[in-house]
>>> print(open('work-v9.txt').read())   # compact mmCIF, C-alpha atoms
# COMPACT_ATOMS: atom_id res chain seq x y z
CA MET N 957 -8.36 1.00 -36.31
CA LYS N 958 -7.08 -0.03 -32.91
CA CYS N 959 -4.17 -1.95 -31.48
CA CYS N 960 -3.90 -4.12 -28.40
CA TRP N 961 -0.75 -5.06 -26.50
CA GLN N 962 -0.51 -7.50 -23.62
CA THR N 963 2.29 -8.57 -21.32
CA GLY N 964 2.43 -9.95 -17.81
CA PHE N 965 2.25 -6.38 -16.52
CA VAL N 966 -0.67 -4.68 -18.24
CA VAL N 967 -3.10 -4.77 -21.17
CA VAL N 968 -3.20 -1.63 -23.28
CA LYS N 969 -5.65 -0.63 -25.98
CA CYS N 970 -4.92 2.55 -27.87
CA TYR N 971 -7.13 4.37 -30.31
CA PRO N 972 -6.33 7.17 -32.76
CA TYR N 973 -7.34 10.49 -31.25
CA TYR N 974 -9.99 11.10 -33.91
CA GLN N 975 -11.84 7.88 -32.88
CA CYS N 976 -11.67 8.22 -29.11
CA GLY N 977 -14.84 10.30 -28.74
CA VAL N 978 -13.31 12.29 -25.89
CA LYS N 979 -13.78 16.04 -25.69
CA LEU N 980 -10.28 17.44 -25.49
CA LEU N 981 -9.41 19.74 -22.60
CA PHE N 982 -6.55 22.06 -23.48
CA ILE N 983 -4.73 23.42 -20.47
CA HIS N 984 -2.44 25.96 -22.10
CA ARG N 985 -3.95 28.26 -24.71
CA LYS N 986 -0.56 28.88 -26.27
CA ASN N 987 -0.45 25.24 -27.38
CA HIS N 988 -3.78 25.41 -29.26
CA SER N 989 -2.25 26.23 -32.63
CA LEU N 990 0.33 23.47 -32.27
CA ARG N 991 -2.34 20.90 -31.43
CA HIS N 992 -4.34 21.84 -34.54
CA GLN N 993 -1.25 21.31 -36.68
CA LEU N 994 -0.51 18.01 -34.95
CA ARG N 995 -3.91 16.68 -35.98
CA LEU N 996 -3.33 17.59 -39.60
CA ALA N 997 0.15 16.07 -39.64
CA ALA N 998 -1.06 12.86 -37.97
CA LEU N 999 -3.69 12.40 -40.69
CA GLY N 1000 -1.21 13.09 -43.46
CA THR N 1001 1.79 11.04 -42.33
CA SER N 1002 2.50 8.11 -44.65
CA HIS N 1003 3.69 4.62 -43.76
CA ALA N 1004 7.48 4.22 -43.74
CA THR N 1005 9.47 1.15 -44.72
CA ARG N 1006 13.14 0.71 -43.85
CA SER N 1007 15.50 0.12 -46.74
CA GLY N 1008 19.24 -0.62 -47.07
CA ASN N 1009 21.72 1.67 -45.31
CA SER N 1010 19.08 4.14 -44.23
CA TYR N 1011 16.40 4.44 -41.60
CA HIS N 1012 13.30 6.46 -40.80
CA ALA N 1013 13.15 9.03 -38.02
CA ALA N 1014 10.70 11.57 -36.63
CA LEU N 1015 12.22 15.00 -37.26
CA CYS N 1016 11.56 18.38 -35.73
CA THR N 1017 12.33 20.58 -38.72
CA GLU N 1018 10.92 23.75 -37.17
CA LEU N 1019 10.02 24.57 -33.57
CA ASN N 1020 6.31 24.56 -32.72
CA LYS N 1021 5.52 22.64 -35.90
CA PRO N 1022 4.39 19.01 -36.29
CA LEU N 1023 7.12 16.39 -36.56
CA VAL N 1024 7.67 14.75 -39.94
CA VAL N 1025 8.88 11.20 -40.64
CA GLN N 1026 11.79 11.18 -43.07
CA GLN N 1027 14.33 8.68 -44.37
CA LEU N 1028 17.90 9.39 -43.28
CA PRO N 1029 21.24 7.84 -44.25
CA SER N 1030 22.93 5.60 -41.68
CA ALA N 1031 26.18 7.00 -40.29
CA VAL N 1032 29.53 5.25 -39.76
CA LEU N 1033 30.33 4.18 -36.19
CA LYS N 1034 33.14 5.68 -34.12
CA PRO N 1035 35.26 3.21 -32.11
CA THR N 1036 33.23 3.44 -28.87
CA GLU N 1037 29.81 3.70 -30.53
CA VAL N 1038 27.03 1.17 -30.94
CA ARG N 1039 24.27 0.96 -33.55
CA VAL N 1040 20.96 -0.10 -32.03
CA ASP N 1041 17.90 -1.29 -33.91
CA ILE N 1042 15.22 0.51 -31.89
CA HIS N 1043 12.02 -1.37 -31.09
CA CYS N 1044 10.34 1.11 -28.72
CA CYS N 1045 10.85 4.66 -27.51
CA GLY N 1046 9.36 6.36 -24.45
CA VAL N 1047 7.58 9.71 -24.82
CA ASN N 1048 8.35 12.31 -22.16
CA PHE N 1049 6.93 15.78 -21.62
CA ALA N 1050 10.48 17.06 -22.05
CA ASP N 1051 10.43 15.78 -25.65
CA ILE N 1052 7.48 18.06 -26.39
CA LEU N 1053 9.09 21.03 -24.63
CA VAL N 1054 12.25 20.53 -26.69
CA CYS N 1055 10.20 20.63 -29.90
CA GLN N 1056 8.55 23.84 -28.67
CA GLY N 1057 11.88 25.45 -27.78
CA LEU N 1058 10.85 25.62 -24.11
CA TYR N 1059 13.21 23.08 -22.53
CA GLN N 1060 16.32 23.92 -20.48
CA GLU N 1061 18.51 22.62 -23.31
CA ARG N 1062 17.94 23.57 -26.95
CA TRP N 1063 19.18 21.96 -30.15
CA PRO N 1064 19.36 23.43 -33.64
CA THR N 1065 16.81 22.11 -36.12
CA PRO N 1066 16.42 19.67 -37.69
CA PHE N 1067 16.74 17.12 -34.89
CA THR N 1068 15.12 13.89 -33.79
CA PRO N 1069 13.64 13.97 -30.26
CA GLY N 1070 13.48 10.98 -27.94
CA MET N 1071 15.37 10.46 -24.67
CA GLU N 1072 14.98 6.74 -23.97
CA PHE N 1073 14.64 3.56 -25.99
CA ALA N 1074 14.87 -0.21 -26.00
CA GLY N 1075 16.21 -2.32 -28.87
CA CYS N 1076 18.79 -4.76 -30.15
CA VAL N 1077 22.48 -4.15 -30.89
CA VAL N 1078 23.19 -4.61 -34.61
CA GLU N 1079 26.75 -3.25 -34.87
CA ILE N 1080 29.54 -2.28 -32.47
CA GLY N 1081 32.60 -0.06 -32.85
CA THR N 1082 36.11 -1.43 -32.74
CA SER N 1083 36.67 -0.39 -29.09
CA VAL N 1084 33.29 -1.47 -27.67
CA THR N 1085 33.58 -3.95 -24.79
CA THR N 1086 30.35 -3.56 -22.77
CA VAL N 1087 27.77 -4.98 -25.21
CA GLN N 1088 27.71 -7.50 -28.04
CA LYS N 1089 25.94 -7.74 -31.36
CA GLY N 1090 22.49 -9.25 -30.89
CA GLU N 1091 22.19 -8.14 -27.25
CA ARG N 1092 18.94 -6.59 -26.02
CA VAL N 1093 19.54 -3.17 -24.44
CA VAL N 1094 17.98 -0.08 -22.94
CA GLY N 1095 19.52 3.25 -23.88
CA VAL N 1096 19.41 6.91 -22.85
CA SER N 1097 20.18 9.30 -25.69
CA PHE N 1098 18.52 12.59 -24.59
CA LYS N 1099 17.70 13.05 -28.27
CA GLY N 1100 17.52 10.86 -31.36
CA ALA N 1101 15.50 7.92 -29.98
CA MET N 1102 12.34 8.46 -32.05
CA ALA N 1103 13.84 6.58 -34.97
CA GLU N 1104 14.37 3.09 -36.32
CA GLU N 1105 18.02 3.17 -35.30
CA CYS N 1106 20.28 5.09 -32.98
CA ILE N 1107 24.05 5.44 -32.76
CA ILE N 1108 25.14 5.92 -29.17
CA ASP N 1109 28.22 5.61 -26.95
CA GLN N 1110 28.52 2.25 -25.25
CA LYS N 1111 28.34 3.72 -21.75
CA MET N 1112 24.76 4.88 -22.36
CA LEU N 1113 23.46 1.31 -22.86
CA TRP N 1114 22.28 -1.19 -20.26
CA PRO N 1115 21.60 -4.87 -21.08
CA ILE N 1116 18.13 -6.31 -20.40
CA ARG N 1117 16.87 -9.86 -20.10
CA ALA N 1118 14.82 -11.57 -22.80
CA GLU N 1119 11.73 -11.76 -20.57
CA LEU N 1120 11.49 -7.97 -20.21
CA PRO N 1121 9.31 -6.73 -23.11
CA TYR N 1122 10.74 -3.90 -25.19
CA GLU N 1123 7.65 -1.78 -24.49
CA VAL N 1124 8.18 -2.04 -20.76
CA ALA N 1125 11.95 -1.61 -20.99
CA ALA N 1126 11.58 1.63 -22.95
CA SER N 1127 9.34 3.05 -20.22
CA ILE N 1128 11.92 2.60 -17.46
CA PRO N 1129 14.98 4.90 -17.76
CA VAL N 1130 13.60 8.43 -17.41
CA SER N 1131 10.60 7.89 -15.11
CA TYR N 1132 12.06 5.20 -12.87
CA GLY N 1133 15.58 6.61 -13.00
CA THR N 1134 14.19 9.94 -11.80
CA ALA N 1135 12.11 8.32 -9.05
CA ILE N 1136 15.05 6.28 -7.75
CA LEU N 1137 17.52 9.15 -7.83
CA ALA N 1138 15.02 11.45 -6.12
CA LEU N 1139 13.73 9.13 -3.41
CA GLU N 1140 16.90 7.15 -2.71
CA HIS N 1141 19.82 9.45 -3.50
CA ARG N 1142 18.35 12.90 -2.77
CA ALA N 1143 15.75 12.28 -0.06
CA HIS N 1144 17.25 9.15 1.54
CA THR N 1145 13.72 7.83 2.09
CA GLN N 1146 13.53 5.35 4.95
CA PRO N 1147 11.19 2.36 5.48
CA GLY N 1148 7.99 3.43 7.21
CA GLU N 1149 8.28 7.10 6.24
CA THR N 1150 5.31 8.79 4.58
CA VAL N 1151 5.80 10.03 1.02
CA LEU N 1152 3.42 12.41 -0.77
CA VAL N 1153 3.54 12.10 -4.57
CA THR N 1154 1.87 14.79 -6.70
CA ALA N 1155 0.77 14.10 -10.29
CA ALA N 1156 0.82 10.51 -9.09
CA ALA N 1157 -0.95 9.05 -12.16
CA GLY N 1158 1.60 10.29 -14.69
CA ALA N 1159 4.66 8.34 -15.76
CA ALA N 1160 7.06 9.84 -13.21
CA GLY N 1161 4.40 9.95 -10.48
CA LEU N 1162 3.44 6.30 -10.86
CA ALA N 1163 7.12 5.36 -10.90
CA ALA N 1164 7.58 7.25 -7.62
CA VAL N 1165 4.56 5.49 -6.10
CA ASP N 1166 5.95 2.13 -7.28
CA ILE N 1167 9.49 2.72 -5.96
CA ALA N 1168 8.42 4.27 -2.66
CA SER N 1169 5.86 1.60 -1.80
CA HIS N 1170 7.35 -1.59 -3.27
CA VAL N 1171 11.11 -0.98 -2.99
CA LEU N 1172 11.61 1.49 -0.14
CA ASN N 1173 8.68 0.22 1.97
CA ALA N 1174 7.35 3.71 2.55
CA GLN N 1175 3.72 4.74 3.06
CA VAL N 1176 2.56 6.63 -0.03
CA ILE N 1177 -0.15 9.26 -0.28
CA ALA N 1178 -0.98 10.07 -3.91
CA ALA N 1179 -2.24 13.46 -5.07
CA VAL N 1180 -3.99 13.50 -8.46
CA GLY N 1181 -6.56 15.44 -10.48
CA SER N 1182 -9.50 13.03 -10.74
CA ASP N 1183 -11.29 10.28 -8.86
CA GLU N 1184 -10.33 7.77 -11.56
CA LYS N 1185 -6.67 8.61 -11.06
CA CYS N 1186 -7.13 8.25 -7.30
CA ASP N 1187 -8.31 4.68 -7.86
CA LEU N 1188 -5.36 3.96 -10.15
CA ALA N 1189 -2.79 5.31 -7.65
CA VAL N 1190 -4.20 3.12 -4.88
CA GLN N 1191 -4.17 0.10 -7.17
CA ARG N 1192 -0.49 0.78 -7.88
CA GLY N 1193 0.57 0.94 -4.23
CA ALA N 1194 -0.59 4.15 -2.51
CA ILE N 1195 -2.30 3.75 0.88
CA ALA N 1196 -4.52 6.77 0.15
CA ALA N 1197 -5.18 9.25 -2.65
CA ILE N 1198 -6.31 12.87 -2.71
CA ASN N 1199 -8.17 14.53 -5.60
CA TYR N 1200 -6.72 18.03 -5.37
CA THR N 1201 -9.33 19.45 -7.74
CA THR N 1202 -12.11 18.78 -5.22
CA GLN N 1203 -10.25 18.56 -1.90
CA SER N 1204 -7.75 20.64 0.02
CA LEU N 1205 -4.40 18.89 -0.30
CA LYS N 1206 -3.09 20.39 2.93
CA GLU N 1207 -6.18 19.52 5.00
CA GLU N 1208 -6.41 15.98 3.63
CA VAL N 1209 -2.75 15.32 4.42
CA LYS N 1210 -3.36 16.54 7.97
CA ARG N 1211 -6.31 14.19 8.29
CA LEU N 1212 -4.49 11.19 6.84
CA THR N 1213 -1.38 11.71 8.98
CA ALA N 1214 -3.10 12.70 12.23
CA ASN N 1215 -1.59 16.22 11.89
CA LYS N 1216 1.95 14.86 11.68
CA GLY N 1217 2.56 15.69 8.04
CA VAL N 1218 4.61 13.74 5.52
CA ASN N 1219 8.33 13.06 5.59
CA VAL N 1220 8.98 13.39 1.85
CA VAL N 1221 7.22 15.12 -1.05
CA PHE N 1222 7.87 14.14 -4.67
CA ASP N 1223 6.51 17.10 -6.65
CA ALA N 1224 6.38 17.41 -10.42
CA VAL N 1225 3.55 19.97 -10.57
CA GLY N 1226 4.80 23.21 -9.05
CA GLY N 1227 2.54 26.24 -8.55
CA ASP N 1228 -0.04 26.18 -5.76
CA ILE N 1229 0.20 22.39 -5.41
CA PHE N 1230 3.88 22.77 -4.49
CA LYS N 1231 3.02 25.36 -1.85
CA GLU N 1232 0.36 23.15 -0.28
CA ALA N 1233 2.70 20.16 -0.35
CA LEU N 1234 5.48 22.21 1.24
CA SER N 1235 3.13 23.17 4.08
CA SER N 1236 2.25 19.50 4.53
CA LEU N 1237 5.78 18.45 5.47
CA SER N 1238 6.64 17.24 8.94
CA TRP N 1239 9.63 18.26 11.07
CA GLU N 1240 12.84 17.77 9.02
CA GLY N 1241 10.77 16.92 5.95
CA ARG N 1242 12.25 16.92 2.44
CA ILE N 1243 10.53 18.18 -0.69
CA LEU N 1244 11.85 17.06 -4.08
CA VAL N 1245 11.48 19.55 -6.94
CA VAL N 1246 11.11 17.29 -9.98
CA GLY N 1247 9.31 19.55 -12.45
CA PHE N 1248 6.63 22.14 -13.14
CA ALA N 1249 3.95 20.34 -15.14
CA GLY N 1250 1.38 22.85 -13.90
CA GLY N 1251 3.21 25.60 -15.77
CA LYS N 1252 4.02 27.82 -12.77
CA ILE N 1253 7.35 27.96 -10.93
CA PRO N 1254 6.65 28.63 -7.25
CA SER N 1255 8.65 30.74 -4.81
CA VAL N 1256 9.69 29.19 -1.50
CA PRO N 1257 8.85 30.90 1.81
CA ALA N 1258 12.18 30.63 3.60
CA ASN N 1259 10.62 31.15 7.04
CA LEU N 1260 8.77 27.83 6.69
CA LEU N 1261 12.05 26.07 5.93
CA LEU N 1262 13.50 27.53 9.11
CA LEU N 1263 10.57 26.75 11.41
CA LYS N 1264 10.34 23.07 10.44
CA ASN N 1265 13.98 22.49 9.42
CA ILE N 1266 12.73 21.58 5.95
CA ALA N 1267 15.04 20.76 3.04
CA VAL N 1268 14.14 21.64 -0.56
CA LYS N 1269 16.07 19.45 -3.01
CA GLY N 1270 16.21 19.85 -6.78
CA VAL N 1271 16.13 16.75 -8.98
CA TYR N 1272 17.56 17.30 -12.47
CA TRP N 1273 18.08 13.62 -13.30
CA GLY N 1274 19.55 14.09 -16.76
CA LYS N 1275 22.27 16.44 -15.52
CA TYR N 1276 23.74 13.61 -13.43
CA GLY N 1277 24.68 11.97 -16.72
CA GLN N 1278 27.17 14.80 -17.22
CA ARG N 1279 28.12 15.71 -13.65
CA CYS N 1280 28.06 12.41 -11.75
CA PHE N 1281 27.74 9.49 -14.14
CA PRO N 1282 28.07 6.67 -11.55
CA VAL N 1283 24.97 7.94 -9.72
CA PHE N 1284 23.13 8.36 -13.03
CA SER N 1285 24.07 4.89 -14.25
CA ARG N 1286 23.18 3.30 -10.93
CA SER N 1287 19.68 4.79 -11.03
CA ILE N 1288 19.02 3.16 -14.41
CA GLY N 1289 20.66 -0.13 -13.48
CA SER N 1290 18.59 -0.32 -10.31
CA ALA N 1291 15.40 0.55 -12.21
CA ILE N 1292 16.01 -2.28 -14.68
CA GLN N 1293 16.87 -4.71 -11.91
CA TYR N 1294 13.71 -3.94 -9.91
CA ALA N 1295 11.54 -4.49 -12.99
CA GLN N 1296 13.28 -7.73 -13.96
CA GLU N 1297 12.88 -9.04 -10.41
CA GLY N 1298 9.18 -8.18 -10.45
CA ARG N 1299 9.47 -5.72 -7.57
CA THR N 1300 8.15 -2.91 -9.75
CA LYS N 1301 5.54 -3.02 -12.51
CA PRO N 1302 5.75 -0.12 -14.97
CA LEU N 1303 2.41 0.90 -16.47
CA ILE N 1304 2.10 1.55 -20.19
CA GLY N 1305 -0.65 4.07 -20.85
CA ALA N 1306 -0.75 3.97 -24.67
CA ILE N 1307 1.29 2.71 -27.62
CA TYR N 1308 1.60 4.50 -30.96
CA LYS N 1309 3.48 3.77 -34.18
CA MET N 1310 6.19 6.18 -35.33
CA GLN N 1311 3.85 7.45 -38.04
CA GLN N 1312 1.52 8.51 -35.20
CA VAL N 1313 4.17 10.47 -33.32
CA ASN N 1314 2.14 13.69 -33.45
CA GLU N 1315 -0.87 11.88 -32.01
CA ALA N 1316 1.37 10.55 -29.24
CA PHE N 1317 2.48 14.09 -28.42
CA GLU N 1318 -1.12 15.29 -28.41
CA HIS N 1319 -2.05 12.43 -26.05
CA VAL N 1320 0.51 13.73 -23.55
CA LEU N 1321 -0.56 17.36 -24.05
CA GLN N 1322 -4.13 16.49 -23.08
CA ARG N 1323 -2.86 15.85 -19.51
CA LYS N 1324 -5.20 12.86 -19.29
CA SER N 1325 -2.62 10.15 -19.90
CA THR N 1326 -1.70 7.69 -17.17
CA GLY N 1327 1.59 5.82 -17.10
CA LYS N 1328 4.09 5.99 -19.94
CA VAL N 1329 3.25 6.67 -23.59
CA ILE N 1330 5.33 4.51 -25.95
CA ILE N 1331 6.19 4.76 -29.65
CA ALA N 1332 6.73 1.35 -31.26
CA MET N 1333 9.02 1.18 -34.30
CA LYS N 1334 8.10 -2.40 -35.21
>>> encode(input="work-v9.txt", output="structure tokens")
Amino acid sequence: MKCCWQTGFVVVKCYPYYQCGVKLLFIHRKNHSLRHQLRLAALGTSHATRSGNSYHAALCTELNKPLVVQQLPSAVLKPTEVRVDIHCCGVNFADILVCQGLYQERWPTPFTPGMEFAGCVVEIGTSVTTVQKGERVVGVSFKGAMAEECIIDQKMLWPIRAELPYEVAASIPVSYGTAILALEHRAHTQPGETVLVTAAAGAAGLAAVDIASHVLNAQVIAAVGSDEKCDLAVQRGAIAAINYTTQSLKEEVKRLTANKGVNVVFDAVGGDIFKEALSSLSWEGRILVVGFAGGKIPSVPANLLLLKNIAVKGVYWGKYGQRCFPVFSRSIGSAIQYAQEGRTKPLIGAIYKMQQVNEAFEHVLQRKSTGKVIIAMK
């Protein structure tokens, strides 16, 4: 069994994990038990068919347990709410952390994960003025998107053109919104500056490479964990790539920049990679703290900040939705606009059906995925 998807951006073939023939490399031993359960659940999940005033959703019924697909009753809309028929949902590492109880925000079980989606408006509340029935939209829900339908406030929806595929649209909000907010709003990246992107083959990393090189006209150095990912990062816009499993990140940056260092670092790894990247900054450089995919939260040597006049800037993209919504909304609107204009080209790494949601999570946990993993509801 295999599926193939093609658009003007990329061709994707995805295989069930038990057919891929790849020896799995598990980074965190504490996730081993969960992965074993995910395999069992993926094999045992049955096909779901939508019926009447109900829909199917992937539910986290217990933390650190496989998700289950269940049929749920449709709710009644409030005046400012919109019912969206979801076509595709993006998978983010934060979704997995939420289901493990390890994310910054926690929700009582049962809940449906899923932060971003693309679909079609099927019903609007009596006070809705921003979208119409039948309109294609992208939405940010923070939870609830891994389902056939979602009820959401109108302000969390952004219209998309017919030529933008749902698969691509669903990959945009979190990764590209984060990259834009980080590089434009937080770092104020200027044309011609040099940007170092760590974990540059992942969804957020590739988005940062795309935005920095094709929108902001910066020079991008990608830092990744394999030679294959180096090739991918260069293909997507980086001028050079460093394999930090076989090379010294700090020494390679020195060589590539003639000892000048980089102006901006976009770091989603943390740990020792963060420390090397911090040391690679130039005078008045800015390092963006996007996440800690490596599992270790680093400490910052304040003397280095002083000596080089370095700025360390946190990037908690989702929090802007609560604290500064215009900035949050603008990051998503810009991300959609860039994609529709062809200035950026989001990469889809794999597509799974909702019944394969546990396989999709395992794909991300392997740390071998490139681009965005998508769950298709249709």
>>> atom_distance(input="work-v9.txt", atom1="CA of Ala1157 in chain N", atom2="CA of Ile1116 in chain N")
25.8 Å
>>> residues_near_point(input="work-v9.txt", point="(-9.7, 12.6, -2.7)", cutoff="8 Å", atoms="all atoms listed in the file", output="list of chain:residue names")
N:Ala1179, N:Asp1183, N:Cys1186, N:Ala1197, N:Ile1198, N:Asn1199, N:Tyr1200, N:Thr1202, N:Gln1203, N:Glu1208
>>> closest_residue(input="work-v9.txt", among="N:Glu1105, N:Glu1318, N:Glu1037, N:Glu1061", to="Ser1010 in chain N", atoms="all atoms listed in the file")
N:Glu1105
>>> closest_residue(input="work-v9.txt", among="N:Gly1095, N:Pro1064, N:Pro1069, N:Gly1193", to="Arg1039 in chain N", atoms="all atoms listed in the file")
N:Gly1095
>>> residues_near_point(input="work-v9.txt", point="(11.5, 10.7, -23.0)", cutoff="12 Å", atoms="all atoms listed in the file", output="PyMOL selection string")
chain N and resi 1044-1054+1068-1074+1095-1102+1126-1134+1159-1160+1274+1316-1317+1320+1328-1331
>>> closest_residue(input="work-v9.txt", among="N:Ala1143, N:Ile1304, N:Cys1016, N:Val1151", to="Thr1065 in chain N", atoms="all atoms listed in the file")
N:Cys1016
